[in-house]
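Chemist: Got a structure for you, upload33.cif, holding mmCIF, C-alpha atoms and all ligand atoms.
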```cif
data_start
loop_
_atom_site.label_atom_id
_atom_site.label_comp_id
_atom_site.auth_asym_id
_atom_site.auth_seq_id
_atom_site.Cartn_x
_atom_site.Cartn_y
_atom_site.Cartn_z
CA TRP A 251 36.37 -39.42 -41.60
CA ALA A 252 34.33 -38.13 -44.48
CA LYS A 253 32.37 -34.94 -44.40
CA ALA A 254 30.41 -35.98 -47.42
CA GLU A 255 27.17 -34.13 -47.46
CA GLY A 256 28.06 -30.61 -46.50
CA ARG A 257 28.08 -28.67 -43.28
CA GLY A 258 26.83 -30.47 -40.23
CA ARG A 259 26.07 -33.74 -41.99
CA TRP A 260 28.65 -36.37 -41.31
CA ALA A 261 28.86 -39.70 -43.05
CA VAL A 262 31.26 -41.36 -40.69
CA TYR A 263 31.96 -44.92 -39.84
CA ASP A 264 32.00 -45.10 -36.06
CA PRO A 265 31.41 -48.66 -34.87
CA GLU A 266 30.94 -47.67 -31.21
CA ARG A 267 28.42 -45.00 -31.99
CA SER A 268 26.40 -47.26 -34.24
CA ALA A 269 26.43 -50.07 -31.65
CA ALA A 270 24.99 -47.65 -29.10
CA ASP A 271 22.43 -46.47 -31.66
CA ILE A 272 21.40 -50.02 -32.40
CA ALA A 273 20.94 -50.73 -28.68
CA ARG A 274 18.91 -47.54 -28.35
CA SER A 275 16.64 -48.41 -31.27
CA ALA A 276 16.19 -51.94 -29.95
CA LEU A 277 15.19 -50.57 -26.58
CA ALA A 278 12.82 -48.06 -28.20
CA ALA A 279 11.27 -50.74 -30.41
CA GLY A 280 10.60 -52.90 -27.37
CA LEU A 281 8.74 -50.23 -25.41
CA PRO A 282 5.17 -50.66 -26.74
CA ALA A 283 5.17 -54.43 -26.26
CA ALA A 284 6.69 -54.01 -22.80
CA LEU A 285 3.78 -51.75 -21.87
CA ASP A 286 1.29 -54.32 -23.19
CA ARG A 287 3.04 -57.11 -21.27
CA GLY A 288 3.01 -55.14 -18.02
CA GLU A 289 6.79 -54.91 -17.67
CA PHE A 290 6.78 -51.41 -16.16
CA VAL A 291 6.74 -51.00 -12.40
CA LEU A 292 6.51 -47.99 -10.14
CA HIS A 293 8.85 -47.43 -7.26
CA TYR A 294 8.08 -44.73 -4.72
CA GLN A 295 10.45 -42.42 -2.89
CA PRO A 296 9.42 -40.83 0.43
CA ILE A 297 9.14 -37.04 0.68
CA VAL A 298 9.60 -36.18 4.33
CA SER A 299 8.77 -33.17 6.50
CA LEU A 300 12.01 -31.54 7.67
CA LEU A 301 10.15 -30.30 10.75
CA ASP A 302 8.89 -33.57 12.20
CA GLY A 303 10.23 -36.35 9.95
CA SER A 304 6.78 -37.52 8.86
CA MET A 305 6.27 -38.83 5.32
CA THR A 306 3.97 -36.31 3.64
CA ALA A 307 4.22 -37.56 0.04
CA VAL A 308 5.86 -40.10 -2.22
CA GLU A 309 7.20 -39.58 -5.74
CA ALA A 310 6.30 -42.25 -8.30
CA LEU A 311 9.38 -43.24 -10.34
CA VAL A 312 8.91 -45.68 -13.21
CA ARG A 313 11.23 -48.62 -13.93
CA TRP A 314 11.25 -51.21 -16.70
CA GLN A 315 11.53 -54.79 -15.49
CA HIS A 316 13.19 -56.03 -18.67
CA PRO A 317 13.11 -59.83 -19.14
CA GLU A 318 16.78 -59.97 -20.19
CA LEU A 319 18.38 -56.72 -19.06
CA GLY A 320 16.89 -56.57 -15.57
CA LEU A 321 15.59 -53.41 -13.92
CA ILE A 322 16.14 -50.40 -16.21
CA GLY A 323 15.99 -46.84 -14.88
CA PRO A 324 13.87 -44.11 -16.48
CA ASP A 325 16.88 -42.10 -17.67
CA ARG A 326 17.40 -44.86 -20.25
CA PHE A 327 13.88 -44.98 -21.70
CA ILE A 328 11.81 -41.89 -20.87
CA GLY A 329 13.63 -39.88 -23.54
CA LEU A 330 13.01 -42.66 -26.06
CA ALA A 331 9.35 -42.82 -25.08
CA GLU A 332 9.13 -39.06 -25.62
CA GLU A 333 10.73 -39.32 -29.06
CA THR A 334 8.41 -42.09 -30.18
CA GLY A 335 5.31 -40.59 -28.58
CA LEU A 336 4.76 -43.67 -26.43
CA ILE A 337 5.17 -41.41 -23.38
CA VAL A 338 1.51 -40.44 -23.69
CA ARG A 339 0.33 -44.04 -23.23
CA LEU A 340 3.08 -44.93 -20.73
CA GLY A 341 2.37 -41.74 -18.77
CA ALA A 342 -1.34 -42.56 -18.62
CA TRP A 343 -0.44 -45.98 -17.19
CA VAL A 344 1.86 -44.35 -14.59
CA LEU A 345 -0.89 -41.92 -13.56
CA ARG A 346 -3.47 -44.66 -13.20
CA GLN A 347 -1.15 -46.98 -11.27
CA ALA A 348 0.12 -44.22 -8.94
CA CYS A 349 -3.45 -43.12 -8.16
CA ARG A 350 -4.47 -46.73 -7.55
CA ASP A 351 -1.60 -47.29 -5.11
CA ALA A 352 -2.22 -43.98 -3.34
CA GLU A 353 -5.93 -44.75 -2.97
CA GLY A 354 -4.98 -48.13 -1.49
CA TRP A 355 -2.77 -46.44 1.12
CA ARG A 356 -5.49 -43.88 1.87
CA ARG A 357 -8.02 -46.63 2.54
CA ALA A 358 -5.64 -48.71 4.64
CA PHE A 359 -4.35 -45.72 6.62
CA PRO A 360 -7.07 -43.08 6.71
CA GLY A 361 -6.02 -39.66 7.88
CA THR A 362 -2.39 -39.81 6.77
CA GLY A 363 -3.12 -37.56 3.79
CA LEU A 364 -0.24 -39.09 1.84
CA VAL A 365 0.17 -37.29 -1.49
CA VAL A 366 1.43 -39.12 -4.57
CA SER A 367 3.61 -37.05 -6.90
CA VAL A 368 3.77 -38.03 -10.58
CA ASN A 369 6.23 -36.74 -13.20
CA LEU A 370 4.80 -35.33 -16.42
CA ALA A 371 7.10 -35.22 -19.43
CA ALA A 372 6.90 -32.11 -21.63
CA ARG A 373 5.26 -34.05 -24.42
CA GLN A 374 2.65 -35.44 -22.02
CA ALA A 375 1.84 -32.05 -20.50
CA ASP A 376 1.46 -30.68 -24.01
CA ASP A 377 -0.92 -33.45 -25.07
CA PRO A 378 -4.45 -32.14 -25.64
CA ALA A 379 -5.91 -35.09 -23.73
CA ILE A 380 -3.84 -34.64 -20.55
CA VAL A 381 -6.61 -33.02 -18.50
CA GLU A 382 -8.99 -35.83 -19.41
CA THR A 383 -6.32 -38.46 -18.65
CA VAL A 384 -5.72 -37.04 -15.17
CA ALA A 385 -9.44 -36.64 -14.47
CA GLU A 386 -10.03 -40.24 -15.55
CA ALA A 387 -7.23 -41.59 -13.35
CA LEU A 388 -8.78 -39.85 -10.34
CA GLN A 389 -12.31 -40.92 -11.20
CA HIS A 390 -11.39 -44.52 -11.94
CA THR A 391 -9.36 -45.02 -8.76
CA GLY A 392 -11.35 -42.82 -6.40
CA LEU A 393 -8.27 -40.86 -5.24
CA PRO A 394 -9.22 -37.34 -4.07
CA ALA A 395 -7.66 -34.77 -6.40
CA GLU A 396 -5.80 -33.00 -3.58
CA LEU A 397 -3.78 -36.17 -2.96
CA LEU A 398 -2.29 -36.06 -6.47
CA GLN A 399 0.64 -33.80 -7.35
CA LEU A 400 2.01 -33.41 -10.87
CA GLU A 401 5.70 -32.53 -11.37
CA LEU A 402 6.71 -30.56 -14.44
CA THR A 403 10.11 -29.13 -15.28
CA GLU A 404 10.50 -25.46 -16.08
CA SER A 405 10.83 -26.26 -19.78
CA ALA A 406 7.70 -28.43 -19.74
CA VAL A 407 5.72 -25.64 -18.08
CA MET A 408 6.72 -23.21 -20.78
CA GLY A 409 5.29 -24.73 -23.94
CA ALA A 410 6.98 -24.60 -27.32
CA ALA A 411 5.36 -21.22 -27.92
CA GLY A 412 7.19 -19.77 -24.92
CA GLU A 413 3.86 -19.37 -23.15
CA PRO A 414 2.85 -21.35 -20.09
CA LEU A 415 0.75 -24.35 -21.11
CA ARG A 416 -2.95 -23.67 -21.11
CA SER A 417 -3.67 -27.10 -19.65
CA LEU A 418 -2.02 -26.12 -16.35
CA ARG A 419 -4.96 -23.99 -15.28
CA GLN A 420 -7.36 -26.77 -16.18
CA LEU A 421 -5.28 -29.29 -14.25
CA ALA A 422 -5.20 -26.98 -11.25
CA GLY A 423 -8.95 -26.61 -11.72
CA LEU A 424 -9.32 -30.34 -11.09
CA GLY A 425 -7.84 -29.72 -7.64
CA VAL A 426 -4.52 -31.46 -8.17
CA ARG A 427 -1.26 -29.84 -7.04
CA LEU A 428 1.41 -28.69 -9.45
CA ALA A 429 5.12 -28.72 -8.64
CA ILE A 430 8.09 -27.42 -10.59
CA ASP A 431 10.66 -30.23 -10.77
CA ASP A 432 14.45 -29.67 -10.80
CA PHE A 433 13.86 -26.00 -10.08
CA GLY A 434 16.89 -23.85 -10.82
CA THR A 435 18.30 -25.95 -13.66
CA GLY A 436 16.07 -24.69 -16.48
CA TYR A 437 16.09 -21.36 -18.20
CA SER A 438 13.96 -19.88 -15.50
CA ASN A 439 11.41 -17.38 -16.54
CA LEU A 440 10.45 -16.25 -13.09
CA ALA A 441 7.46 -14.35 -14.43
CA TYR A 442 5.55 -17.61 -14.83
CA LEU A 443 5.87 -18.34 -11.12
CA ARG A 444 3.50 -15.57 -10.17
CA ARG A 445 1.11 -16.26 -13.03
CA LEU A 446 0.62 -19.98 -12.64
CA PRO A 447 -1.34 -22.05 -10.12
CA ILE A 448 1.77 -23.76 -8.73
CA HIS A 449 1.83 -25.39 -5.33
CA SER A 450 5.49 -26.15 -4.75
CA LEU A 451 9.06 -26.03 -6.02
CA LYS A 452 11.46 -28.95 -5.98
CA LEU A 453 15.02 -27.65 -5.64
CA ALA A 454 17.35 -29.44 -8.03
CA GLY A 455 19.80 -31.99 -6.65
CA PRO A 456 23.02 -30.16 -7.58
CA PHE A 457 22.30 -27.28 -5.17
CA VAL A 458 21.68 -29.73 -2.34
CA GLU A 459 24.78 -31.70 -3.30
CA GLY A 460 26.80 -28.51 -2.78
CA ILE A 461 25.80 -28.42 0.89
CA ARG A 462 28.86 -30.04 2.45
CA ALA A 463 30.90 -29.51 5.57
CA ASP A 464 34.14 -28.43 3.92
CA GLY A 465 36.36 -28.64 0.85
CA PRO A 466 37.95 -25.79 -1.10
CA ASP A 467 35.14 -25.58 -3.64
CA VAL A 468 32.47 -25.16 -0.98
CA ALA A 469 34.39 -22.80 1.29
CA ASP A 470 32.10 -19.95 0.29
CA HIS A 471 28.96 -22.10 0.73
CA ARG A 472 27.63 -20.74 -2.53
CA ASP A 473 25.11 -23.55 -3.10
CA GLU A 474 23.82 -23.19 0.42
CA ARG A 475 23.26 -19.50 -0.18
CA ILE A 476 21.43 -20.28 -3.44
CA VAL A 477 19.19 -22.71 -1.56
CA ASP A 478 18.61 -20.03 1.08
CA ALA A 479 17.58 -17.54 -1.61
CA LEU A 480 15.34 -20.02 -3.44
CA VAL A 481 13.56 -21.07 -0.24
CA ARG A 482 12.90 -17.39 0.54
CA LEU A 483 11.67 -16.81 -3.01
CA ALA A 484 9.31 -19.78 -2.78
CA HIS A 485 7.94 -18.73 0.59
CA ALA A 486 7.50 -15.14 -0.57
CA LEU A 487 5.28 -16.56 -3.31
CA GLU A 488 3.51 -18.82 -0.79
CA LEU A 489 4.88 -22.00 -2.34
CA TRP A 490 6.12 -25.09 -0.54
CA VAL A 491 9.73 -26.17 -1.11
CA THR A 492 11.10 -29.69 -1.39
CA ALA A 493 14.83 -30.36 -1.56
CA GLU A 494 15.81 -33.21 -3.88
CA ALA A 495 18.75 -35.60 -3.51
CA VAL A 496 19.22 -35.21 0.25
CA GLU A 497 21.96 -37.73 1.02
CA THR A 498 23.41 -36.75 4.40
CA GLU A 499 22.25 -35.78 7.86
CA LEU A 500 24.24 -32.55 7.52
CA GLN A 501 22.24 -31.62 4.43
CA ALA A 502 18.96 -32.43 6.15
CA GLU A 503 19.95 -30.30 9.14
CA ARG A 504 21.10 -27.35 7.04
CA LEU A 505 17.96 -27.53 4.88
CA ARG A 506 15.82 -27.53 7.98
CA ALA A 507 17.71 -24.49 9.32
CA LEU A 508 17.08 -22.76 5.98
CA ARG A 509 13.33 -23.41 6.50
CA CYS A 510 13.01 -25.79 3.57
CA ASP A 511 9.71 -27.63 4.09
CA THR A 512 10.34 -31.18 2.88
CA GLY A 513 13.23 -33.33 1.70
CA GLN A 514 13.63 -36.30 -0.59
CA GLY A 515 16.72 -38.44 -1.14
CA ARG A 516 18.67 -41.46 -0.03
CA PHE A 517 19.02 -40.05 3.49
CA PHE A 518 15.25 -40.45 3.94
CA GLY A 519 14.93 -43.54 1.74
CA ALA A 520 15.72 -44.61 -1.81
CA PRO A 521 12.91 -45.29 -4.30
CA MET A 522 11.25 -48.54 -3.15
CA PRO A 523 8.44 -50.92 -4.15
CA ALA A 524 4.90 -49.94 -3.14
CA ALA A 525 4.80 -52.66 -0.46
CA HIS A 526 7.67 -50.95 1.38
CA ILE A 527 5.74 -47.67 1.47
CA ARG A 528 2.82 -49.56 2.97
CA ALA A 529 5.14 -51.04 5.60
CA ARG A 530 6.43 -47.56 6.45
CA LEU A 531 2.89 -46.29 6.85
CA ALA A 532 2.07 -49.23 9.10
CA ALA A 533 5.17 -48.62 11.23
CA ARG A 534 4.76 -44.87 11.60
CA PRO A 535 4.35 -43.59 15.14
CA GLY A 536 0.70 -43.41 16.12
CA PRO A 537 -0.98 -40.48 17.85
CA VAL A 538 0.79 -39.44 21.05
CA VAL A 539 -0.69 -41.37 23.95
CA ASP A 540 -1.40 -39.57 27.18
CA ALA A 541 0.89 -41.33 29.64
CA ALA A 542 -1.23 -40.36 32.65
CA ALA A 543 -4.36 -41.85 31.11
CA VAL A 544 -2.52 -45.09 30.34
CA ASP A 545 -1.24 -45.28 33.93
CA GLY A 546 -4.74 -44.59 35.20
CA ASN A 547 -6.21 -47.42 33.14
CA ALA A 548 -3.55 -49.80 34.38
CA GLY A 549 -4.61 -48.95 37.91
P1 LIG A 601 13.28 -36.67 -11.04
O1 LIG A 601 11.81 -36.49 -11.17
O2 LIG A 601 14.09 -35.44 -10.69
O3 LIG A 601 13.45 -37.79 -9.93
C1 LIG A 601 14.44 -37.81 -8.94
C2 LIG A 601 15.58 -38.72 -9.31
O4 LIG A 601 16.60 -38.59 -8.30
C3 LIG A 601 15.20 -40.19 -9.34
O5 LIG A 601 15.96 -40.85 -10.36
C4 LIG A 601 15.68 -40.66 -7.98
O6 LIG A 601 15.93 -42.04 -7.93
C5 LIG A 601 16.96 -39.88 -7.84
N1 LIG A 601 17.42 -39.84 -6.45
C6 LIG A 601 16.77 -40.30 -5.34
N2 LIG A 601 17.47 -40.09 -4.24
C7 LIG A 601 18.62 -39.50 -4.62
C8 LIG A 601 19.77 -39.04 -3.90
O7 LIG A 601 19.86 -39.11 -2.66
N3 LIG A 601 20.76 -38.48 -4.64
C9 LIG A 601 20.67 -38.35 -5.99
N4 LIG A 601 21.71 -37.79 -6.63
N5 LIG A 601 19.60 -38.77 -6.70
C10 LIG A 601 18.58 -39.32 -6.02
P2 LIG A 601 15.26 -41.86 -11.33
O8 LIG A 601 14.28 -42.71 -10.61
O9 LIG A 601 16.35 -42.54 -12.08
O10 LIG A 601 14.43 -40.92 -12.30
C11 LIG A 601 15.12 -40.08 -13.17
C12 LIG A 601 14.17 -39.14 -13.88
O11 LIG A 601 13.30 -39.87 -14.75
C13 LIG A 601 13.23 -38.40 -12.96
O12 LIG A 601 13.89 -37.32 -12.38
C14 LIG A 601 12.12 -38.01 -13.90
O13 LIG A 601 12.47 -36.83 -14.60
C15 LIG A 601 12.09 -39.18 -14.87
N6 LIG A 601 10.97 -40.05 -14.53
C16 LIG A 601 10.91 -41.02 -13.60
N7 LIG A 601 9.70 -41.61 -13.60
C17 LIG A 601 8.96 -40.97 -14.54
C18 LIG A 601 7.60 -41.11 -15.01
O14 LIG A 601 6.81 -41.92 -14.54
N8 LIG A 601 7.21 -40.26 -16.02
C19 LIG A 601 8.04 -39.32 -16.54
N9 LIG A 601 7.58 -38.54 -17.51
N10 LIG A 601 9.32 -39.17 -16.13
C20 LIG A 601 9.77 -39.99 -15.14
MG MG A 602 18.20 -43.21 -12.25
MG MG A 603 10.36 -35.64 -10.28
MG MG A 604 13.68 -33.79 -9.84
#
```
Please render this file's structure as structure tokens.
Modeler:
Amino acid sequence: WAKAEGRGRWAVYDPERSAADIARSALAAGLPAALDRGEFVLHYQPIVSLLDGSMTAVEALVRWQHPELGLIGPDRFIGLAEETGLIVRLGAWVLRQACRDAEGWRRAFPGTGLVVSVNLAARQADDPAIVETVAEALQHTGLPAELLQLELTESAVMGAAGEPLRSLRQLAGLGVRLAIDDFGTGYSNLAYLRRLPIHSLKLAGPFVEGIRADGPDVADHRDERIVDALVRLAHALELWVTAEAVETELQAERLRALRCDTGQGRFFGAPMPAAHIRARLAARPGPVVDAAAVDGNAG
């Protein structure tokens, strides 16, 4: 170990670290060409009403279909795309593709009102062209603005200046919905909640994870009480609440009892290709048929 260049600057030989760095740079270097070659795909995860089980929205989650490495999750490349700035172009592609898919579902299944929810990275939300990019995606695909939701984390909402991003009002002005993603994990500045045109809060997975039947660490049901408080806060501000990472029936039941509006997670369905969402829409229960009328017709 050699601390050669003064405080905080290490000149160390660490073969493992450099191997990981090399893999990271290789992945980062491959991103622009991957976008040009169409190697990114969107999967969609159902967001389900806890009241009646209907699918009210889907969240678009990007994956990289890498020719050698297989399907790569966003946790491995979104950060890289943010660092290199490619997120702006990749994000524009995601927006356009998500709107195109949602418009396809709307046309095939009119009246379902299925919302598509798209994640915006901080760097994307901060881009001067974001309002134009969103407006263009809507215009080009024909998707009504109210069927698009944009998810921003607390830190993305608060720009670098510590002030809520100015673009948020303009985005809301387009008629799209805004949601705070992973709510409760950022350095919450609750003041922004009453000042911004936000439509819903997505409660971060770890709180939901803490809703379990037993175990010494959950004996006081602390996470459940946090969820209870956050749902009340959201409703007091007239916001909708979605619980993330719902994995068990118990969690779904407890969340429903706590008046949480919608849930998302493996219990309701993992992220899936667009065709599977279409199949779900096709299989959904139709309008309730009046049994007496059916009997009458049958004679
Ligand atoms: P997120 O927006 O909070 O998305 C939810 C993540 O939770 C997804 O991971 C989803 O697959 C995962 N998840 C689903 N069901 C469960 C469950 O039952 N339990 C648990 N523990 N997790 C569940 P994924 O797809 O790997 O995405 C990770 C993150 O990558 C997203 O977190 C989002 O911040 C980012 N991301 C994904 N797609 C995009 C995109 O198109 N643009 C941007 N800017 N970021 C994206
Ligand atoms: Mg993942
Ligand atoms: Mg999200
Ligand atoms: Mg989230």
Chemist: Give me the range 338-385 of chain A side of the contact with range 526-535 of chain A, cut-off 10 Å, one line per residue showing its nearest atom pair and distance in Å at one decimal, counting all atoms listed in the file, sorted by chain and residue number, as a Markdown table.
Modeler:
```
| residue | atom | partner | partner_atom | distance |
| --- | --- | --- | --- | --- |
| A:Asp351 | CA | A:Arg528 | CA | 9.5 |
| A:Ala352 | CA | A:Arg528 | CA | 9.8 |
| A:Gly354 | CA | A:Arg528 | CA | 9.1 |
| A:Trp355 | CA | A:Arg528 | CA | 6.7 |
| A:Ala358 | CA | A:Arg528 | CA | 8.7 |
| A:Phe359 | CA | A:Leu531 | CA | 7.3 |
| A:Thr362 | CA | A:Leu531 | CA | 8.4 |
| A:Leu364 | CA | A:Leu531 | CA | 9.3 |
```
Chemist: Hey, which of A:Ile297, A:Met408, A:Ala520, A:His485 ends up closest to ligand MG 602 (chain A)? Count all atoms listed in the file.
Modeler: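 For ligand MG 602 (chain A), the nearest of the given residues is A:Ala520.
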Chemist: CA of Pro317 in chain A to CA of Arg287 in chain A: how many Å, to one decimal?
Modeler: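 Between CA of Pro317 in chain A and CA of Arg287 in chain A the gap works out to 10.6 Å.
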Chemist: Throw together the list of residues within 6 Å of ligand MG 603 (chain A), counting only C-alpha atoms and all ligand atoms, and drop it here as a ChimeraX atom specification.
Modeler: /A:369,401,431
Chemist: Between A:Pro521, A:Gly412, A:Gly288, A:Gly460, which is the closest to ligand MG 602 (chain A) once you count all atoms listed in the file?
Modeler: A:Pro521
Chemist: Compile a residue-level contact table for chain A against ligand LIG 601 (chain A) at a cut-off of 9 Å, reporting for every qualifying residue the shortest atom pair and its distance in Å to one decimal, with all atoms listed in the file counted, rows ordered by chain and ascending number, as a Markdown table.
Modeler:
```
| residue | atom | partner | partner_atom | distance |
| --- | --- | --- | --- | --- |
| A:Leu292 | CA | A:LIG601 | O14 | 7.5 |
| A:His293 | CA | A:LIG601 | O8 | 7.9 |
| A:Tyr294 | CA | A:LIG601 | O8 | 8.8 |
| A:Gln295 | CA | A:LIG601 | C6 | 7.1 |
| A:Glu309 | CA | A:LIG601 | O3 | 7.7 |
| A:Ala310 | CA | A:LIG601 | O14 | 6.3 |
| A:Leu311 | CA | A:LIG601 | N7 | 3.7 |
| A:Val312 | CA | A:LIG601 | N7 | 4.2 |
| A:Arg313 | CA | A:LIG601 | N7 | 7.2 |
| A:Ile322 | CA | A:LIG601 | O9 | 8.9 |
| A:Gly323 | CA | A:LIG601 | O9 | 5.1 |
| A:Pro324 | CA | A:LIG601 | O11 | 4.6 |
| A:Asp325 | CA | A:LIG601 | O11 | 5.1 |
| A:Arg326 | CA | A:LIG601 | O11 | 8.5 |
| A:Phe327 | CA | A:LIG601 | O11 | 8.6 |
| A:Ile328 | CA | A:LIG601 | N10 | 6.0 |
| A:Gly329 | CA | A:LIG601 | N10 | 8.6 |
| A:Ala331 | CA | A:LIG601 | N9 | 8.9 |
| A:Glu332 | CA | A:LIG601 | N9 | 8.3 |
| A:Ile337 | CA | A:LIG601 | N9 | 7.0 |
| A:Val338 | CA | A:LIG601 | N9 | 8.9 |
| A:Leu340 | CA | A:LIG601 | N8 | 7.8 |
| A:Gly341 | CA | A:LIG601 | N8 | 5.8 |
| A:Trp343 | CA | A:LIG601 | O14 | 8.7 |
| A:Val344 | CA | A:LIG601 | O14 | 5.5 |
| A:Leu345 | CA | A:LIG601 | O14 | 7.8 |
| A:Val368 | CA | A:LIG601 | O14 | 6.3 |
| A:Asn369 | CA | A:LIG601 | C19 | 4.6 |
| A:Leu370 | CA | A:LIG601 | N9 | 4.4 |
| A:Ala371 | CA | A:LIG601 | N9 | 3.9 |
| A:Ala372 | CA | A:LIG601 | N9 | 7.7 |
| A:Arg373 | CA | A:LIG601 | N9 | 8.6 |
| A:Gln374 | CA | A:LIG601 | N9 | 7.4 |
| A:Glu401 | CA | A:LIG601 | O1 | 7.3 |
| A:Leu402 | CA | A:LIG601 | O1 | 8.5 |
| A:Thr403 | CA | A:LIG601 | O13 | 8.1 |
| A:Asp431 | CA | A:LIG601 | O2 | 6.2 |
| A:Asp432 | CA | A:LIG601 | O2 | 5.8 |
| A:Lys452 | CA | A:LIG601 | O2 | 8.4 |
| A:Ala454 | CA | A:LIG601 | O2 | 7.3 |
| A:Gly455 | CA | A:LIG601 | N4 | 6.1 |
| A:Pro456 | CA | A:LIG601 | N4 | 7.8 |
| A:Glu459 | CA | A:LIG601 | N4 | 7.6 |
| A:Glu494 | CA | A:LIG601 | C7 | 6.9 |
| A:Ala495 | CA | A:LIG601 | C8 | 3.6 |
| A:Val496 | CA | A:LIG601 | O7 | 4.9 |
| A:Glu497 | CA | A:LIG601 | O7 | 4.5 |
| A:Thr498 | CA | A:LIG601 | O7 | 8.2 |
| A:Gln514 | CA | A:LIG601 | N2 | 6.5 |
| A:Gly515 | CA | A:LIG601 | O7 | 3.6 |
| A:Arg516 | CA | A:LIG601 | O7 | 3.7 |
| A:Phe517 | CA | A:LIG601 | O7 | 6.3 |
| A:Phe518 | CA | A:LIG601 | O7 | 8.2 |
| A:Gly519 | CA | A:LIG601 | N2 | 7.4 |
| A:Ala520 | CA | A:LIG601 | N2 | 5.4 |
| A:Pro521 | CA | A:LIG601 | O6 | 5.7 |
```
Chemist: Find, counting all atoms listed in the file, the residue in A:Arg482, A:His390, A:Arg267, A:Arg274 that gets nearest to Leu451 in chain A.
Modeler: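 For Leu451 in chain A, the nearest of the given residues is A:Arg482.
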Chemist: Draw an axis-aligned box over all listed atoms of range 443-448 of chain A, pad each side with 5 Å, and write its centre and edge lengths in Å, one decimal, as lines of an AutoDock Vina configuration file.
Modeler:
```
center_x = 2.3
center_y = -19.7
center_z = -10.9
size_x = 17.2
size_y = 18.2
size_z = 14.3
```
Chemist: When distances are computed from all atoms listed in the file, which of A:Gly434, A:His471, A:Asn439, A:Arg444 shows the smallest separation from ligand MG 604 (chain A)?
Modeler: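 Closest residue, counting all atoms listed in the file: A:Gly434.
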Chemist: One number please: CA of Val481 in chain A to CA of Thr512 in chain A, in Å, one decimal.
Modeler: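 It comes out at 11.1 Å.
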Chemist: Write out as a list in words the residues lying within 12 Å of Asp470 in chain A, counting all atoms listed in the file and excluding same-chain residues fewer than 6 positions away.
Modeler: Gly460, Ile461, Arg462, Ala463, Asp464 and Ile476 of chain A
Chemist: Please determine, counting all atoms listed in the file, which residue among A:Phe433, A:Asp511, A:Leu480, A:Thr334 has the shortest atom-to-atom distance to ligand MG 604 (chain A).
Modeler: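 Smallest distance to ligand MG 604 (chain A) is found for A:Phe433.
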Chemist: Quick one: distance from CA of Thr492 in chain A to CA of Val291 in chain A in Å, one decimal?
Modeler: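 Calculated distance between CA of Thr492 in chain A and CA of Val291 in chain A is 24.4 Å.
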Chemist: Find, counting all atoms listed in the file, the residue in A:Ala387, A:Leu321, A:Glu474, A:Ser367 that gets nearest to Leu428 in chain A.
Modeler: A:Ser367
Chemist: Quick one: everything within 9 Å of Arg346 in chain A, counting only C-alpha atoms, minus sequence neighbours fewer than 6 positions away in the same chain. Send it as a short mmCIF file (atom, residue, chain, number, x, y, z; two decimals) with C-alpha atoms, in the coordinates of the input.
Modeler:
```cif
data_model
loop_
_atom_site.label_atom_id
_atom_site.label_comp_id
_atom_site.auth_asym_id
_atom_site.auth_seq_id
_atom_site.Cartn_x
_atom_site.Cartn_y
_atom_site.Cartn_z
CA THR A 383 -6.32 -38.46 -18.65
CA VAL A 384 -5.72 -37.04 -15.17
CA GLU A 386 -10.03 -40.24 -15.55
CA ALA A 387 -7.23 -41.59 -13.35
CA LEU A 388 -8.78 -39.85 -10.34
CA HIS A 390 -11.39 -44.52 -11.94
CA THR A 391 -9.36 -45.02 -8.76
#
```
